Structures are given as C-alpha cells and as structure tokens.
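Novice: The structure is given below, and queries will be raised subsequently.
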Amino acid sequence: MTLRLQMLGTGGAFAKKYYNNNGFIYADDFTLLIDCGITAPLSLHQLGKPALEEIDAILVTHIHGDHVGGLEELVFRMKYGAGRKPVLYIAEQLITPLWENTLKGGLGQDGISSLEDAFEVRPLTEGNACSLSPNLSVEIIRTPHIPGKASYSLYINDEIFYSADKVFQPELLTHLVKDRNCRKILHEVQLTGAGEVHTTLEELLSLPPEIRSKIMLMHYGDEMEDYIGRTAEMEFLRQHEIYDL
Ligand SMILES: Nc1ccn([C@@H]2O[C@@H]3COP(=O)(O)O[C@H]3[C@H]2O)c(=O)n1
Ligand SMILES: [Zn+2]
Ligand SMILES: [Zn+2]
C-alpha cells in the first residue's frame, strides 16, 4: 500500500519563505492532516483545498503555534460551514492543555465549552498503534523537544517515521531501522545554530549512510537554499509537492 505525502509547509517556526511544517498523509481511502499551524489555512487555500471536508482527521504532535495555531479557524469553518466536527487524534496527555491553555480562549463560546464540543476527539496512547483506516495506522512515540512540554513523533504503518519537533536521538533512529523495519524517515532539521530543542544538520550528517539515505528533511529555516548540495543523501522536502512514500 503506497502512502502519499503532501506538506502544507516545510518551514521552521519563524520561517517566512515557507509555511508551517504541517502536512497531509494520503492513504487510498483516508486523508490525515498532521498538525495545523498558524499558516495552515492560508496554505490550504493556496492548494485550492477550500473543501475542509476532504480532511478525514487531524493529528496534533505538540502544542506550539506552528503546529496548532490554525485549529480555531478550521473548527469554526467546519462547524458553521460544513456543520460537523473534525476528527482529532491526539495524545491523551495533550487533550487538557490543548483546550485549557490554547483553544479555550478563542473557541470557548455558545455551544463550545470543551475540546469534545469542537472535535471528535480520538485519544492516542504510547505503544499502541491506532488504525485510522484500513491502510493507515499511527503509533505515537513521546520524544524530547522542550523540557517539560509533551511532544510526540509518529510511526506510520510500522515503516515510516515522522519526527515532528525533537532533539537528535541517533539511538531511536538506529532502533527503528534495525529492529522495526523503518524504511523512510521524515525528519526536522535546524540548519544553523546549536540544537537545543531541535535536531541540527551536523547531527543528522553524523548518522551512517544507510540511515541518512532514508531521511527527507523538513521544518527548516529560510536559509534552506544555501544548504542544497550540503546534506549528503538527505533531500529537502518541498511544500505542496506530492511524494510517494
Ligand atoms: N528553548 C527554546 C524554546 C523555543 N525555541 C524556539 O521557539 C520555537 C517554537 O516552535 P518550534 O517549531 O518548536 O521552534 C522553537 C524554537 O525556534 C528555542 O529556540 N529555544
Ligand atoms: Zn515547530
Ligand atoms: Zn515545537
């Protein structure tokens, strides 16, 4: 079963040349949107996808504006436009903070007084792959990003790793490739500066070629074009392009 990937954006949090790092996974019968940042509605519009109904579910990896800042618009447009609630897959641990600390201020109003009033909430737990459709399963893996702030990477169909935002974990990548049949790694990259809360290009370049050759790079800064040809086997994902995974 081939999955397809289309990033709404491939930029880091403060990128201005690229939209927020959010994207579609297309299984033959199912469209999953991974994260929905501040720029997601504009990028959707540019893709000519006003029909939000095409989105079968949204999955949130963590609570940062470039990953959840577009949810309010999506909820209001679906509730007052299509008359339905989007399906939200989310780690159990993020349910309360997403509502109480992020969405409640804007979404809280007549008829919406909880996350469940805004979404069909489907809680995810670590170690349990969830079948979203016959050809799409997702397992969340808690990974380090901001100390004390829960963030999750994804393992899709037991063969594709989606980093979300995280610091470098060579042992996790090695484990997935050696022991869990991982054949594709969609990984964030910070091109300049020290990796405090992200993974640097230097760190990814320190991986062996058999792992680097599986990596496609995303969540990068505006300076990306200066790094073309300097990433060994690792290709930069381009936003809006459709990739067979
Ligand atoms: N200790 C931290 C925490 C945050 N940040 C920046 O804030 C951004 C939030 O969105 P992001 O995509 O996770 O990238 C984070 C860092 O750029 C950072 O640079 N250092
Ligand atoms: Zn981010
Ligand atoms: Zn983040």
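Ligands are numbered from 1 in the order shown, residues from 1 within each chain, and chains are lettered A, B, ... in the order they appear in the structure tokens.
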Give me, as a PyMOL selection string, all polymer residues having an atom no more than 12 Å from Asn21 (chain A), counting only C-alpha atoms and skipping those fewer than 5 positions away in the same chain.
Specialist: chain A and resi 6-16+33-40+43+60-61+64-70+162-165+186-189+217-221+237-240
Novice: Near Thr231 (chain A), within 9 Å and counting only C-alpha atoms, which residues show up once chain neighbours fewer than 3 positions away are dropped, as a VMD selection string?
Specialist: chain A and resid 201 204 to 205 227 to 228 234 to 236
Novice: Can you tell me, as number ranges by chain, what residues are no more than 8 Å from Arg142 (chain A) when counting only C-alpha atoms, ignoring any on the same chain fewer than 3 positions away?
Specialist: A: 126, 150-153
Novice: Could those selected residues go to a file with N, CA and C atoms, as a PDB file, in the first residue's frame?
Specialist:
ATOM      1  N   GLU A 126       0.837   5.954  23.952  1.00  0.00           N
ATOM      2  CA  GLU A 126       2.125   5.404  23.503  1.00  0.00           C
ATOM      3  C   GLU A 126       2.098   3.886  23.485  1.00  0.00           C
ATOM      4  N   ALA A 150       5.147  18.081  26.614  1.00  0.00           N
ATOM      5  CA  ALA A 150       4.986  16.813  25.878  1.00  0.00           C
ATOM      6  C   ALA A 150       4.952  17.057  24.372  1.00  0.00           C
ATOM      7  N   SER A 151       5.676  16.195  23.651  1.00  0.00           N
ATOM      8  CA  SER A 151       5.726  16.258  22.194  1.00  0.00           C
ATOM      9  C   SER A 151       5.903  14.841  21.658  1.00  0.00           C
ATOM     10  N   TYR A 152       5.282  14.543  20.511  1.00  0.00           N
ATOM     11  CA  TYR A 152       5.261  13.161  20.029  1.00  0.00           C
ATOM     12  C   TYR A 152       5.683  13.065  18.570  1.00  0.00           C
ATOM     13  N   SER A 153       6.542  12.081  18.306  1.00  0.00           N
ATOM     14  CA  SER A 153       6.837  11.689  16.930  1.00  0.00           C
ATOM     15  C   SER A 153       5.835  10.602  16.552  1.00  0.00           C
TER      16      SER A 153
END
Novice: For the strand (DSSP E or B) assignment from backbone DSSP, which residues of region 1-212 of chain A qualify? Please present them as a VMD selection string.
Specialist: chain A and resid 4 to 7 11 20 23 to 27 30 to 34 57 to 60 62 87 to 91 109 112 120 to 124 130 to 133 136 to 142 146 149 151 to 156 160 to 162 184 to 188 190 200
Novice: Restricted to C-alpha atoms, what would the selected residues look like written as a compact mmCIF listing (two decimals), in the first residue's frame?
Specialist:
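The resulting file, part.txt, is shown below:
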# COMPACT_ATOMS: atom_id res chain seq x y z
CA ARG A 4 1.48 9.77 -0.35
CA LEU A 5 2.78 12.85 1.46
CA GLN A 6 1.98 16.48 0.71
CA MET A 7 3.43 19.06 3.11
CA GLY A 11 9.25 25.77 7.42
CA ASN A 20 4.39 26.00 8.97
CA GLY A 23 1.22 18.04 6.09
CA PHE A 24 -1.16 15.56 4.52
CA ILE A 25 -0.71 11.82 4.54
CA TYR A 26 -2.95 10.30 1.86
CA ALA A 27 -3.85 6.65 2.22
CA PHE A 30 -8.15 8.47 4.01
CA THR A 31 -6.62 11.93 4.32
CA LEU A 32 -4.81 12.74 7.56
CA LEU A 33 -3.55 16.24 8.34
CA ILE A 34 -0.55 16.19 10.67
CA ALA A 57 -8.80 13.66 10.55
CA ILE A 58 -6.22 15.94 12.13
CA LEU A 59 -3.41 14.69 14.34
CA VAL A 60 -1.59 17.08 16.72
CA HIS A 62 2.51 19.05 20.24
CA VAL A 87 -11.87 14.22 13.97
CA LEU A 88 -8.84 14.91 16.18
CA TYR A 89 -6.26 12.25 17.00
CA ILE A 90 -4.16 13.40 19.92
CA ALA A 91 -2.02 12.01 22.72
CA GLN A 109 -18.45 30.33 23.25
CA ILE A 112 -18.45 25.03 22.60
CA GLU A 120 -14.48 14.21 17.65
CA VAL A 121 -11.58 13.51 20.00
CA ARG A 122 -9.72 10.20 19.49
CA PRO A 123 -7.14 9.82 22.30
CA LEU A 124 -3.84 8.13 21.45
CA CYS A 130 -4.07 3.19 16.20
CA SER A 131 -5.76 2.16 12.97
CA LEU A 132 -7.20 5.31 11.39
CA SER A 133 -8.32 3.48 8.26
CA LEU A 136 -3.25 3.83 7.74
CA SER A 137 -2.06 3.17 11.26
CA VAL A 138 -0.23 5.61 13.53
CA GLU A 139 1.72 4.97 16.74
CA ILE A 140 2.82 7.96 18.83
CA ILE A 141 6.28 7.98 20.43
CA ARG A 142 7.00 10.55 23.12
CA ILE A 146 11.06 21.37 25.05
CA LYS A 149 6.38 20.04 27.35
CA SER A 151 5.73 16.26 22.19
CA TYR A 152 5.26 13.16 20.03
CA SER A 153 6.84 11.69 16.93
CA LEU A 154 4.82 9.31 14.77
CA TYR A 155 5.46 5.83 13.45
CA ILE A 156 3.21 5.38 10.44
CA ILE A 160 7.62 5.47 8.25
CA PHE A 161 8.95 7.75 11.00
CA TYR A 162 7.70 11.33 11.23
CA LYS A 184 11.58 6.23 5.46
CA ILE A 185 12.40 8.97 7.95
CA LEU A 186 10.71 12.38 7.64
CA HIS A 187 12.87 14.49 9.94
CA GLU A 188 13.02 18.08 11.14
CA GLN A 190 17.75 23.08 12.16
CA THR A 200 20.87 20.06 13.69
Novice: Mind giving me the straight-line distance from CA of Gly229 (chain A) to CA of Leu191 (chain A) in Å, one decimal?
Specialist: 13.0 Å
Novice: Please identify the helix (DSSP H, G or I) residues within region 23-189 of chain A (assignment by DSSP from backbone atoms) and present them as an NGL selection string.
Specialist: :A and (40-46 or 52-54 or 65-68 or 71-82 or 92-107 or 115-118 or 170-179)
Novice: Rank nothing, just name the residue among A:Lys104, A:Phe76, A:Pro86, A:Asn22 nearest to ligand 3, using only C-alpha atoms and all ligand atoms.
Specialist: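 Among the listed residues, A:Asn22 lies closest to ligand 3.
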Novice: Select, from A:Pro134, A:Ile63, A:Ile211, A:Ala129, the residue with the minimum atom-to-atom distance to ligand 1, counting only C-alpha atoms and all ligand atoms.
Specialist: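 Closest candidate: A:Ile63.
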Novice: Would you compute the distance between CA of Gly108 (chain A) and atom 15 (C, counted along the ligand's line) of ligand 1? Give it in Å to one decimal.
Specialist: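 Separation of CA of Gly108 (chain A) and atom 15 (C, counted along the ligand's line) of ligand 1: 26.7 Å.
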Novice: Just want the 9 Å neighbourhood of Asn135 (chain A), counted on only C-alpha atoms, with same-chain residues fewer than 6 positions away dropped. Output as a ChimeraX atom specification.
Specialist: /A:1-3,27-30,157
Novice: Print the selection's residues with C-alpha atoms to a file, as a short mmCIF file (atom, residue, chain, number, x, y, z; two decimals), in the first residue's frame.
Specialist:
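Result file follows (out03.cif):
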data_model
loop_
_atom_site.label_atom_id
_atom_site.label_comp_id
_atom_site.auth_asym_id
_atom_site.auth_seq_id
_atom_site.Cartn_x
_atom_site.Cartn_y
_atom_site.Cartn_z
CA MET A 1 0.00 0.00 0.00
CA THR A 2 1.69 3.27 -1.02
CA LEU A 3 1.02 6.30 1.04
CA ALA A 27 -3.85 6.65 2.22
CA ASP A 28 -6.02 5.35 -0.59
CA ASP A 29 -9.20 5.98 1.36
CA PHE A 30 -8.15 8.47 4.01
CA ASN A 157 2.22 1.92 9.10
#
Novice: Nearest residue to ligand 3 out of A:Ser114, A:Thr199, A:Ser206, A:Gln169, using only C-alpha atoms and all ligand atoms?
Specialist: A:Thr199
